[in-house]
$ cat data_34.csv   # CSV, C-alpha atoms and all ligand atoms
chain,number,residue,atom,x,y,z
A,1,MET,CA,-19.6,-3.8,6.8
A,2,GLU,CA,-17.4,-5.1,4.1
A,3,ILE,CA,-13.7,-4.4,3.9
A,4,ILE,CA,-11.2,-3.6,1.1
A,5,ASP,CA,-7.7,-4.4,2.2
A,6,PHE,CA,-5.4,-2.1,0.2
A,7,HIS,CA,-2.1,-3.7,1.3
A,8,THR,CA,-1.4,-7.4,1.3
A,9,HIS,CA,1.6,-9.4,0.1
A,10,TRP,CA,2.2,-12.6,-1.8
A,11,PHE,CA,5.6,-14.3,-1.8
A,12,LYS,CA,7.4,-17.6,-1.7
A,13,ARG,CA,9.8,-18.4,1.1
A,14,GLU,CA,12.8,-18.2,-1.2
A,15,LEU,CA,11.8,-14.8,-2.7
A,16,VAL,CA,12.0,-12.8,0.5
A,17,ASN,CA,14.8,-11.7,2.9
A,18,PRO,CA,15.3,-14.2,5.7
A,19,THR,CA,14.6,-11.4,8.2
A,20,PHE,CA,11.1,-11.4,7.0
A,21,ILE,CA,10.7,-15.1,7.7
A,22,GLU,CA,12.1,-14.5,11.2
A,23,PHE,CA,9.5,-11.8,11.7
A,24,LEU,CA,6.7,-14.2,10.7
A,25,GLN,CA,8.1,-16.8,13.1
A,26,VAL,CA,7.4,-14.4,15.9
A,27,ASN,CA,4.4,-12.5,14.7
A,28,ASN,CA,2.4,-15.0,12.6
A,29,PRO,CA,3.6,-18.5,13.2
A,30,THR,CA,0.2,-20.0,12.2
A,31,PHE,CA,0.6,-18.5,8.8
A,32,LEU,CA,4.2,-19.7,8.5
A,33,GLN,CA,3.2,-23.3,9.0
A,34,ARG,CA,1.1,-23.0,5.8
A,35,ILE,CA,3.4,-20.8,3.8
A,36,ASP,CA,3.9,-23.3,1.0
A,37,ASP,CA,0.2,-23.9,0.6
A,38,PHE,CA,-0.4,-20.2,0.6
A,39,SER,CA,2.3,-19.6,-2.0
A,40,SER,CA,1.0,-22.2,-4.4
A,41,ASN,CA,-2.7,-21.9,-4.0
A,42,PRO,CA,-4.6,-18.6,-4.1
A,43,LEU,CA,-7.7,-20.2,-2.5
A,44,VAL,CA,-5.7,-20.2,0.8
A,45,ALA,CA,-5.6,-16.4,0.7
A,46,VAL,CA,-9.2,-16.1,-0.7
A,47,ASN,CA,-10.6,-18.3,2.1
A,48,TYR,CA,-8.7,-16.4,4.7
A,49,PHE,CA,-9.9,-13.0,3.4
A,50,LYS,CA,-13.5,-14.2,3.2
A,51,SER,CA,-13.3,-15.4,6.8
A,52,GLN,CA,-12.2,-11.9,7.8
A,53,GLY,CA,-14.9,-10.0,5.9
A,54,VAL,CA,-12.6,-8.8,3.2
A,55,LYS,CA,-14.4,-8.3,-0.2
A,56,TYR,CA,-11.3,-7.2,-2.2
A,57,ALA,CA,-7.6,-7.4,-1.4
A,58,VAL,CA,-4.8,-5.6,-3.2
A,59,VAL,CA,-1.9,-8.0,-3.7
A,60,LEU,CA,1.6,-6.4,-3.9
A,61,PRO,CA,4.7,-7.7,-5.6
A,62,GLU,CA,8.1,-6.3,-4.5
A,63,TYR,CA,11.0,-5.8,-6.8
A,64,ALA,CA,13.6,-4.7,-4.2
A,65,PRO,CA,16.3,-7.4,-4.1
A,66,ALA,CA,18.9,-5.1,-2.3
A,67,THR,CA,16.8,-5.0,0.9
A,68,SER,CA,13.5,-6.9,1.2
A,69,ALA,CA,12.4,-9.2,-1.6
A,70,LEU,CA,12.3,-10.1,-5.2
A,71,VAL,CA,8.7,-10.9,-5.8
A,72,PRO,CA,8.0,-10.3,-9.6
A,73,THR,CA,4.8,-8.7,-10.8
A,74,GLU,CA,4.3,-11.6,-13.2
A,75,ALA,CA,4.1,-14.1,-10.3
A,76,VAL,CA,1.5,-12.0,-8.5
A,77,VAL,CA,-0.5,-11.6,-11.7
A,78,GLU,CA,-0.5,-15.4,-12.1
A,79,TYR,CA,-1.5,-15.9,-8.5
A,80,CYS,CA,-4.5,-13.5,-8.7
A,81,GLN,CA,-5.7,-14.8,-12.1
A,82,GLY,CA,-9.3,-16.1,-11.9
A,83,GLU,CA,-9.9,-14.8,-8.4
A,84,ASP,CA,-11.9,-11.6,-8.6
A,85,MET,CA,-11.3,-10.6,-5.1
A,86,LEU,CA,-7.5,-10.5,-5.5
A,87,ILE,CA,-6.4,-7.3,-7.2
A,88,PRO,CA,-2.8,-7.4,-8.5
A,89,PHE,CA,-0.5,-4.4,-8.5
A,90,ALA,CA,2.8,-4.0,-10.2
A,91,SER,CA,6.3,-3.3,-8.9
A,92,VAL,CA,9.0,-1.8,-11.1
A,93,ASN,CA,12.5,-0.8,-10.1
A,94,PRO,CA,13.6,2.6,-11.5
A,95,ASN,CA,17.3,1.6,-11.0
A,96,THR,CA,17.3,-1.6,-12.8
A,97,ASP,CA,14.4,-1.5,-15.3
A,98,PRO,CA,15.6,0.3,-18.4
A,99,GLU,CA,12.1,1.3,-19.4
A,100,PRO,CA,9.9,1.2,-16.3
A,101,ALA,CA,7.1,3.2,-17.8
A,102,THR,CA,6.8,0.9,-20.8
A,103,LYS,CA,6.9,-2.1,-18.4
A,104,LEU,CA,4.1,-0.6,-16.4
A,105,GLU,CA,2.0,0.0,-19.4
A,106,HIS,CA,2.5,-3.7,-20.4
A,107,TYR,CA,1.5,-4.8,-16.9
A,108,VAL,CA,-1.7,-2.7,-17.0
A,109,LYS,CA,-2.8,-3.4,-20.6
A,110,ASP,CA,-1.7,-7.0,-21.0
A,111,CYS,CA,-1.8,-8.4,-17.4
A,112,GLY,CA,-4.6,-6.5,-15.8
A,113,VAL,CA,-2.7,-4.9,-12.9
A,114,LYS,CA,-4.7,-2.1,-11.2
A,115,GLY,CA,-1.9,0.0,-9.6
A,116,LEU,CA,1.8,0.4,-8.9
A,117,LYS,CA,3.8,0.1,-5.8
A,118,LEU,CA,7.2,2.0,-5.4
A,119,LEU,CA,9.6,1.5,-2.6
A,120,PRO,CA,11.9,4.5,-2.4
A,121,SER,CA,13.7,3.5,0.8
A,122,TYR,CA,14.3,-0.1,-0.5
A,123,GLN,CA,15.0,0.7,-4.1
A,124,PHE,CA,17.0,3.9,-3.3
A,125,PHE,CA,15.6,6.9,-5.2
A,126,TYR,CA,14.0,10.2,-4.3
A,127,PRO,CA,10.4,10.1,-5.6
A,128,ASN,CA,10.7,13.6,-7.2
A,129,GLU,CA,13.7,12.7,-9.3
A,130,ALA,CA,13.1,13.7,-13.0
A,131,ARG,CA,13.9,10.1,-14.2
A,132,LEU,CA,10.8,8.9,-12.3
A,133,TYR,CA,8.5,11.3,-14.1
A,134,PRO,CA,7.7,9.1,-17.1
A,135,ILE,CA,6.4,6.5,-14.7
A,136,TYR,CA,4.0,9.0,-13.1
A,137,ALA,CA,3.0,10.4,-16.5
A,138,LYS,CA,2.1,6.8,-17.6
A,139,ALA,CA,0.3,6.0,-14.4
A,140,GLN,CA,-1.8,9.2,-14.7
A,141,GLU,CA,-2.6,8.4,-18.3
A,142,LEU,CA,-3.6,4.9,-17.4
A,143,ASN,CA,-5.6,6.2,-14.4
A,144,ILE,CA,-4.0,3.9,-11.9
A,145,PRO,CA,-2.9,4.7,-8.3
A,146,VAL,CA,0.7,4.7,-7.2
A,147,ILE,CA,1.5,3.5,-3.7
A,148,PHE,CA,4.7,4.8,-2.1
A,149,HIS,CA,6.3,3.2,1.0
A,150,VAL,CA,6.4,6.1,3.5
A,151,GLY,CA,7.8,5.2,6.8
A,152,SER,CA,10.1,2.9,8.8
A,153,SER,CA,10.8,-0.6,8.0
A,154,ARG,CA,12.4,-3.7,9.6
A,155,PHE,CA,14.7,-4.5,6.6
A,156,LYS,CA,18.4,-4.0,7.0
A,157,GLY,CA,19.8,-1.6,4.4
A,158,THR,CA,16.7,0.5,4.3
A,159,ARG,CA,17.4,4.2,3.8
A,160,MET,CA,14.6,6.3,5.2
A,161,LYS,CA,15.7,9.6,3.7
A,162,TYR,CA,14.2,8.4,0.4
A,163,CYS,CA,10.7,8.1,1.8
A,164,ASP,CA,10.4,11.6,3.4
A,165,PRO,CA,6.8,12.5,2.4
A,166,ILE,CA,7.8,16.0,1.3
A,167,TYR,CA,9.1,14.6,-2.0
A,168,LEU,CA,5.5,13.6,-2.9
A,169,ASP,CA,4.5,17.2,-2.8
A,170,ASP,CA,6.2,17.8,-6.2
A,171,ILE,CA,4.5,14.8,-7.7
A,172,ALA,CA,1.1,15.9,-6.4
A,173,VAL,CA,1.6,19.3,-8.0
A,174,ASP,CA,3.1,18.1,-11.3
A,175,PHE,CA,0.6,15.2,-11.8
A,176,PRO,CA,-2.7,16.6,-10.4
A,177,ASP,CA,-4.8,13.7,-11.6
A,178,LEU,CA,-2.4,11.0,-10.3
A,179,LYS,CA,-3.7,9.2,-7.2
A,180,ILE,CA,-0.8,9.0,-4.7
A,181,ILE,CA,-1.1,6.7,-1.7
A,182,MET,CA,1.3,7.0,1.3
A,183,ALA,CA,1.6,3.4,2.6
A,184,HIS,CA,2.1,3.3,6.4
A,185,SER,CA,1.2,7.0,6.7
A,186,GLY,CA,4.7,8.1,7.7
A,187,ARG,CA,5.3,5.4,10.4
A,188,GLY,CA,7.9,6.7,12.8
A,189,PHE,CA,8.1,10.4,12.7
A,190,TRP,CA,6.2,11.7,9.7
A,191,TYR,CA,2.6,11.4,10.9
A,192,GLU,CA,1.9,15.1,10.9
A,193,GLU,CA,3.5,15.7,7.5
A,194,CYS,CA,1.5,12.9,5.9
A,195,PHE,CA,-1.7,14.1,7.5
A,196,PHE,CA,-1.1,17.6,6.3
A,197,LEU,CA,-0.2,16.6,2.7
A,198,SER,CA,-3.2,14.3,2.3
A,199,ARG,CA,-5.5,17.1,3.5
A,200,PHE,CA,-3.7,19.7,1.4
A,201,HIS,CA,-3.6,17.8,-1.9
A,202,LYS,CA,-6.8,16.4,-3.3
A,203,ASN,CA,-4.8,13.5,-4.9
A,204,ILE,CA,-2.8,12.3,-1.9
A,205,TYR,CA,-4.1,9.6,0.4
A,206,MET,CA,-2.9,7.8,3.5
A,207,ASP,CA,-2.9,4.1,4.0
A,208,ILE,CA,-2.8,3.1,7.6
A,209,THR,CA,-1.0,-0.3,7.0
A,210,GLY,CA,1.2,-1.4,9.9
A,211,LEU,CA,-0.1,1.1,12.4
A,212,PRO,CA,-1.8,-0.3,15.5
A,213,PRO,CA,-5.4,0.8,15.0
A,214,LYS,CA,-5.9,1.5,18.6
A,215,ASN,CA,-3.3,4.3,18.3
A,216,LEU,CA,-4.7,6.0,15.2
A,217,LEU,CA,-6.2,8.9,17.1
A,218,ARG,CA,-2.9,9.4,18.9
A,219,TYR,CA,-1.0,9.7,15.6
A,220,PHE,CA,-3.8,11.6,13.9
A,221,PRO,CA,-6.0,13.5,16.4
A,222,GLU,CA,-8.0,15.1,13.7
A,223,LEU,CA,-8.5,12.0,11.7
A,224,ASP,CA,-12.3,12.5,11.4
A,225,ARG,CA,-11.6,15.7,9.4
A,226,ASN,CA,-9.7,13.7,6.8
A,227,GLY,CA,-12.1,10.7,6.6
A,228,GLU,CA,-12.3,10.5,2.9
A,229,LYS,CA,-8.5,10.3,2.4
A,230,ILE,CA,-7.7,7.4,4.7
A,231,ILE,CA,-7.5,3.8,3.5
A,232,PHE,CA,-7.3,0.5,5.4
A,233,GLY,CA,-4.5,-2.0,4.7
A,234,SER,CA,-3.3,-4.9,6.8
A,235,ASP,CA,0.1,-5.9,5.5
A,236,TRP,CA,-1.2,-9.5,5.7
A,237,PRO,CA,0.4,-12.0,6.3
A,238,ALA,CA,3.1,-9.7,8.0
A,239,MET,CA,0.9,-8.8,10.9
A,240,PRO,CA,0.3,-10.2,14.4
A,241,LYS,CA,-3.5,-9.7,14.5
A,242,GLY,CA,-6.3,-10.8,12.2
A,243,ILE,CA,-7.7,-8.4,9.6
A,244,LYS,CA,-11.1,-8.6,11.2
A,245,GLU,CA,-9.8,-7.8,14.6
A,246,ASN,CA,-8.0,-4.7,13.3
A,247,ALA,CA,-11.2,-3.6,11.5
A,248,GLU,CA,-13.2,-4.1,14.7
A,249,ILE,CA,-10.8,-1.8,16.6
A,250,ILE,CA,-11.2,0.9,13.9
A,251,LYS,CA,-15.0,0.6,14.2
A,252,SER,CA,-14.8,1.1,18.0
A,253,LEU,CA,-12.9,4.4,17.7
A,254,PRO,CA,-14.8,7.6,18.4
A,255,LEU,CA,-15.1,8.5,14.6
A,256,SER,CA,-18.2,9.2,12.5
A,257,SER,CA,-19.7,6.2,10.7
A,258,LYS,CA,-19.0,8.0,7.4
A,259,THR,CA,-15.2,8.1,8.3
A,260,ILE,CA,-15.2,4.4,9.4
A,261,GLU,CA,-17.0,3.3,6.2
A,262,GLY,CA,-14.6,5.5,4.2
A,263,ILE,CA,-11.5,3.9,5.8
A,264,LEU,CA,-12.7,0.3,5.6
A,265,TYR,CA,-14.3,0.4,2.1
A,266,ARG,CA,-15.5,3.5,0.3
A,267,ASN,CA,-12.2,5.4,-0.2
A,268,ALA,CA,-10.5,2.3,-1.6
A,269,GLN,CA,-13.5,1.6,-3.8
A,270,ARG,CA,-13.4,5.1,-5.2
A,271,ILE,CA,-9.7,4.7,-6.1
A,272,LEU,CA,-9.8,1.2,-7.5
A,273,PHE,CA,-13.1,1.2,-9.3
A,274,ASN,CA,-14.4,4.7,-9.9
A,275,GLY,CA,-11.2,6.4,-10.9
A,276,GLY,CA,-12.1,9.6,-9.1
A,277,ALA,CA,-10.0,11.7,-6.8
A,278,SER,CA,-11.8,12.8,-3.6
A,279,SER,CA,-13.7,16.0,-3.6
A,280,GLU,CA,-11.6,19.2,-3.0
A,281,ILE,CA,-10.6,19.4,0.7
A,282,ASN,CA,-11.2,22.7,2.4
A,283,LEU,CA,-8.6,23.2,5.0
A,284,SER,CA,-10.6,25.8,6.9
A,285,GLN,CA,-13.3,23.3,7.7
A,301,ZN,ZN,3.7,-4.1,3.1

$ encode --input "data_34.csv" --output "structure tokens" --more "lines below"
Ligand SMILES: [Zn+2]
Amino acid sequence: MEIIDFHTHWFKRELVNPTFIEFLQVNNPTFLQRIDDFSSNPLVAVNYFKSQGVKYAVVLPEYAPATSALVPTEAVVEYCQGEDMLIPFASVNPNTDPEPATKLEHYVKDCGVKGLKLLPSYQFFYPNEARLYPIYAKAQELNIPVIFHVGSSRFKGTRMKYCDPIYLDDIAVDFPDLKIIMAHSGRGFWYEECFFLSRFHKNIYMDITGLPPKNLLRYFPELDRNGEKIIFGSDWPAMPKGIKENAEIIKSLPLSSKTIEGILYRNAQRILFNGGASSEINLSQ
């Protein structure tokens, strides 16, 4: 079974907070030895992904200099150029970009980015603030998904109040055709809220990045009832295990084959390539 990894990162050593490098030292030292090769040569990532059974990988920039990183969208676009399996997303900062919606349009139309990542707890805004609405209107018009970081984080200065998933409810209501993805599915103490919201709204999805796959059914006991709304992401290279190993654990969980296929490939495929929201979810099922 092929995999779409909806959540990977590209960076250079000097573009990220030193805490992140320390994390890699402990959790992925093999990667850290090759960090400079990886930063300069996309084939390093491509070959790794292929070895793990990954067909497509979303590559995320991160414009959040106050906390985690300053990885510009332009650099990620350049890195992914010419490699079909690498799918660049954009990062804008609503606090420092004077016209974030215009910037997003430029990234999509001129640079080929396929989605947007926002980091409320690193960039310090509530997702339902009116000043963010032009960004969502633009993303909906361009038919691209928006990923929100929803959950805990290791970076100092993170303010978790901003990523409470309840603020996404307003966006789901006001932008019914916008595909909203909750990265990390509420890691920490919002699992139930994320699960409910993604079942309740046809346009909200959960990405399970950074959650130990063996614990998925503990966090989401009814996961099989929401199989078409859950998306696999690895956070590579910020992860202790291989992507393939995590995918194998998911395959071994007591879930229907339709759910497993949905998590590892189909749901992401639908969002990235078909442009459709999932079918209406019936909560009484
Ligand atoms: Zn991440």

$ residues_around --input "data_34.csv" --residues "A:Lys214" --least-positions-apart "6" --cutoff "8 Å" --atoms "all atoms listed in the file" --output "CSV table (one decimal) with C-alpha atoms, in the coordinates of the input"
chain,number,residue,atom,x,y,z
A,249,ILE,CA,-10.8,-1.8,16.6
A,250,ILE,CA,-11.2,0.9,13.9
A,253,LEU,CA,-12.9,4.4,17.7

$ closest_atom_pairs --input "data_34.csv" --of "chain A" --to "ligand ZN 301 (chain A)" --cutoff "12 Å" --atoms "all atoms listed in the file" --output "Markdown table"
| residue | atom | partner | partner_atom | distance |
| --- | --- | --- | --- | --- |
| A:Asp5 | CA | A:ZN301 | ZN | 11.4 |
| A:Phe6 | CA | A:ZN301 | ZN | 9.8 |
| A:His7 | CA | A:ZN301 | ZN | 6.1 |
| A:Thr8 | CA | A:ZN301 | ZN | 6.3 |
| A:His9 | CA | A:ZN301 | ZN | 6.4 |
| A:Trp10 | CA | A:ZN301 | ZN | 9.9 |
| A:Phe11 | CA | A:ZN301 | ZN | 11.5 |
| A:Phe20 | CA | A:ZN301 | ZN | 11.1 |
| A:Val58 | CA | A:ZN301 | ZN | 10.7 |
| A:Val59 | CA | A:ZN301 | ZN | 9.6 |
| A:Leu60 | CA | A:ZN301 | ZN | 7.7 |
| A:Pro61 | CA | A:ZN301 | ZN | 9.5 |
| A:Glu62 | CA | A:ZN301 | ZN | 9.1 |
| A:Ser68 | CA | A:ZN301 | ZN | 10.4 |
| A:Ala69 | CA | A:ZN301 | ZN | 11.1 |
| A:Lys117 | CA | A:ZN301 | ZN | 9.8 |
| A:Leu118 | CA | A:ZN301 | ZN | 11.0 |
| A:Leu119 | CA | A:ZN301 | ZN | 9.9 |
| A:Tyr122 | CA | A:ZN301 | ZN | 11.9 |
| A:Ile147 | CA | A:ZN301 | ZN | 10.4 |
| A:Phe148 | CA | A:ZN301 | ZN | 10.4 |
| A:His149 | CA | A:ZN301 | ZN | 8.0 |
| A:Val150 | CA | A:ZN301 | ZN | 10.6 |
| A:Gly151 | CA | A:ZN301 | ZN | 10.8 |
| A:Ser152 | CA | A:ZN301 | ZN | 11.1 |
| A:Ser153 | CA | A:ZN301 | ZN | 9.3 |
| A:Arg154 | CA | A:ZN301 | ZN | 10.9 |
| A:Phe155 | CA | A:ZN301 | ZN | 11.6 |
| A:Met182 | CA | A:ZN301 | ZN | 11.5 |
| A:Ala183 | CA | A:ZN301 | ZN | 7.8 |
| A:His184 | CA | A:ZN301 | ZN | 8.3 |
| A:Ser185 | CA | A:ZN301 | ZN | 11.9 |
| A:Asp207 | CA | A:ZN301 | ZN | 10.6 |
| A:Ile208 | CA | A:ZN301 | ZN | 10.7 |
| A:Thr209 | CA | A:ZN301 | ZN | 7.2 |
| A:Gly210 | CA | A:ZN301 | ZN | 7.7 |
| A:Leu211 | CA | A:ZN301 | ZN | 11.3 |
| A:Gly233 | CA | A:ZN301 | ZN | 8.6 |
| A:Ser234 | CA | A:ZN301 | ZN | 8.0 |
| A:Asp235 | CA | A:ZN301 | ZN | 4.7 |
| A:Trp236 | CA | A:ZN301 | ZN | 7.7 |
| A:Pro237 | CA | A:ZN301 | ZN | 9.1 |
| A:Ala238 | CA | A:ZN301 | ZN | 7.5 |
| A:Met239 | CA | A:ZN301 | ZN | 9.5 |

$ atom_distance --input "data_34.csv" --atom1 "atom CA of A:Lys161" --atom2 "atom CA of A:Leu24"
26.4 Å

$ axis_aligned_box --input "data_34.csv" --around "stretch 75-78 of chain A" --padding-each-side "3 Å" --output "AutoDock Vina command-line options"
--center_x 1.8 --center_y -13.5 --center_z -10.3 --size_x 10.6 --size_y 9.8 --size_z 9.6

$ residues_near_point --input "data_34.csv" --point "(2.7, -13.0, -14.7)" --cutoff "12 Å" --atoms "all atoms listed in the file" --output "list in words"
Pro61, Val71, Pro72, Thr73, Glu74, Ala75, Val76, Val77, Glu78, Tyr79, Cys80, Gln81, Pro88, Phe89, Ala90, Ser91, His106, Tyr107, Val108, Asp110, Cys111, Gly112 and Val113 of chain A

$ closest_residue --input "data_34.csv" --among "A:Ile263, A:Val46, A:Ala66, A:Ile3" --to "A:Arg159" --atoms "all atoms listed in the file"
A:Ala66

$ residues_around --input "data_34.csv" --residues "stretch 140-142 of chain A" --least-positions-apart "4" --cutoff "7 Å" --atoms "only C-alpha atoms" --output "ChimeraX atom specification"
/A:136,177-178

$ atom_distance --input "data_34.csv" --atom1 "atom CA of A:Glu193" --atom2 "atom CA of A:Tyr63"
26.9 Å

$ atom_distance --input "data_34.csv" --atom1 "atom CA of A:Arg199" --atom2 "atom CA of A:Ile87"
26.7 Å

$ residues_around --input "data_34.csv" --residues "A:Gly227" --least-positions-apart "4" --cutoff "12 Å" --atoms "all atoms listed in the file" --output "CSV table (one decimal) with C-alpha atoms, in the frame of the given file"
chain,number,residue,atom,x,y,z
A,195,PHE,CA,-1.7,14.1,7.5
A,198,SER,CA,-3.2,14.3,2.3
A,199,ARG,CA,-5.5,17.1,3.5
A,205,TYR,CA,-4.1,9.6,0.4
A,206,MET,CA,-2.9,7.8,3.5
A,207,ASP,CA,-2.9,4.1,4.0
A,220,PHE,CA,-3.8,11.6,13.9
A,221,PRO,CA,-6.0,13.5,16.4
A,222,GLU,CA,-8.0,15.1,13.7
A,223,LEU,CA,-8.5,12.0,11.7
A,231,ILE,CA,-7.5,3.8,3.5
A,232,PHE,CA,-7.3,0.5,5.4
A,255,LEU,CA,-15.1,8.5,14.6
A,256,SER,CA,-18.2,9.2,12.5
A,257,SER,CA,-19.7,6.2,10.7
A,258,LYS,CA,-19.0,8.0,7.4
A,259,THR,CA,-15.2,8.1,8.3
A,260,ILE,CA,-15.2,4.4,9.4
A,261,GLU,CA,-17.0,3.3,6.2
A,262,GLY,CA,-14.6,5.5,4.2
A,263,ILE,CA,-11.5,3.9,5.8
A,264,LEU,CA,-12.7,0.3,5.6
A,265,TYR,CA,-14.3,0.4,2.1
A,266,ARG,CA,-15.5,3.5,0.3
A,267,ASN,CA,-12.2,5.4,-0.2
A,268,ALA,CA,-10.5,2.3,-1.6
A,278,SER,CA,-11.8,12.8,-3.6
A,279,SER,CA,-13.7,16.0,-3.6
A,281,ILE,CA,-10.6,19.4,0.7

$ residues_near_point --input "data_34.csv" --point "(-6.9, 20.2, -9.5)" --cutoff "9 Å" --atoms "only C-alpha atoms" --output "list in words"
Val173, Pro176, Asp177, His201, Lys202, Asn203 and Glu280 of chain A

$ build_atoms --input "data_34.csv" --residues "stretch 179-186 of chain A" --atoms "all heavy atoms" --output "mmCIF file, in the coordinates of the input"
data_model
loop_
_atom_site.group_PDB
_atom_site.id
_atom_site.type_symbol
_atom_site.label_atom_id
_atom_site.label_comp_id
_atom_site.auth_asym_id
_atom_site.auth_seq_id
_atom_site.Cartn_x
_atom_site.Cartn_y
_atom_site.Cartn_z
ATOM 1 N N LYS A 179 -3.374 9.540 -8.572
ATOM 2 C CA LYS A 179 -3.700 9.200 -7.200
ATOM 3 C C LYS A 179 -2.493 8.643 -6.473
ATOM 4 O O LYS A 179 -1.961 7.614 -6.872
ATOM 5 C CB LYS A 179 -4.882 8.224 -7.157
ATOM 6 C CG LYS A 179 -6.220 8.908 -7.346
ATOM 7 C CD LYS A 179 -7.241 7.981 -7.917
ATOM 8 C CE LYS A 179 -7.125 7.956 -9.435
ATOM 9 N NZ LYS A 179 -7.937 6.934 -10.071
ATOM 10 N N ILE A 180 -2.053 9.354 -5.441
ATOM 11 C CA ILE A 180 -0.800 9.000 -4.700
ATOM 12 C C ILE A 180 -1.216 8.493 -3.339
ATOM 13 O O ILE A 180 -1.962 9.155 -2.611
ATOM 14 C CB ILE A 180 0.028 10.307 -4.559
ATOM 15 C CG1 ILE A 180 0.440 10.839 -5.935
ATOM 16 C CG2 ILE A 180 1.226 10.065 -3.651
ATOM 17 C CD1 ILE A 180 0.924 12.276 -5.910
ATOM 18 N N ILE A 181 -0.710 7.328 -2.999
ATOM 19 C CA ILE A 181 -1.100 6.700 -1.700
ATOM 20 C C ILE A 181 0.189 6.547 -0.863
ATOM 21 O O ILE A 181 1.162 5.939 -1.311
ATOM 22 C CB ILE A 181 -1.796 5.399 -1.912
ATOM 23 C CG1 ILE A 181 -3.133 5.701 -2.600
ATOM 24 C CG2 ILE A 181 -2.053 4.698 -0.576
ATOM 25 C CD1 ILE A 181 -3.630 4.630 -3.464
ATOM 26 N N MET A 182 0.162 7.088 0.354
ATOM 27 C CA MET A 182 1.300 7.000 1.300
ATOM 28 C C MET A 182 1.102 5.752 2.153
ATOM 29 O O MET A 182 0.340 5.814 3.127
ATOM 30 C CB MET A 182 1.431 8.239 2.103
ATOM 31 C CG MET A 182 1.566 9.492 1.255
ATOM 32 S SD MET A 182 1.808 10.993 2.245
ATOM 33 C CE MET A 182 0.174 11.139 2.955
ATOM 34 N N ALA A 183 1.764 4.642 1.794
ATOM 35 C CA ALA A 183 1.600 3.400 2.600
ATOM 36 C C ALA A 183 2.316 3.641 3.945
ATOM 37 O O ALA A 183 3.418 4.176 4.001
ATOM 38 C CB ALA A 183 2.245 2.238 1.881
ATOM 39 N N HIS A 184 1.656 3.243 5.007
ATOM 40 C CA HIS A 184 2.100 3.300 6.400
ATOM 41 C C HIS A 184 2.048 4.767 6.964
ATOM 42 O O HIS A 184 2.441 4.990 8.110
ATOM 43 C CB HIS A 184 3.582 2.808 6.539
ATOM 44 C CG HIS A 184 3.785 1.468 5.892
ATOM 45 N ND1 HIS A 184 3.155 0.327 6.341
ATOM 46 C CD2 HIS A 184 4.508 1.093 4.805
ATOM 47 C CE1 HIS A 184 3.500 -0.700 5.570
ATOM 48 N NE2 HIS A 184 4.308 -0.263 4.612
ATOM 49 N N SER A 185 1.541 5.699 6.160
ATOM 50 C CA SER A 185 1.200 7.000 6.700
ATOM 51 C C SER A 185 2.349 7.702 7.467
ATOM 52 O O SER A 185 2.112 8.392 8.456
ATOM 53 C CB SER A 185 -0.035 7.001 7.544
ATOM 54 O OG SER A 185 -1.147 6.693 6.760
ATOM 55 N N GLY A 186 3.587 7.456 7.076
ATOM 56 C CA GLY A 186 4.700 8.100 7.700
ATOM 57 C C GLY A 186 5.191 7.488 9.011
ATOM 58 O O GLY A 186 5.835 8.152 9.841
#
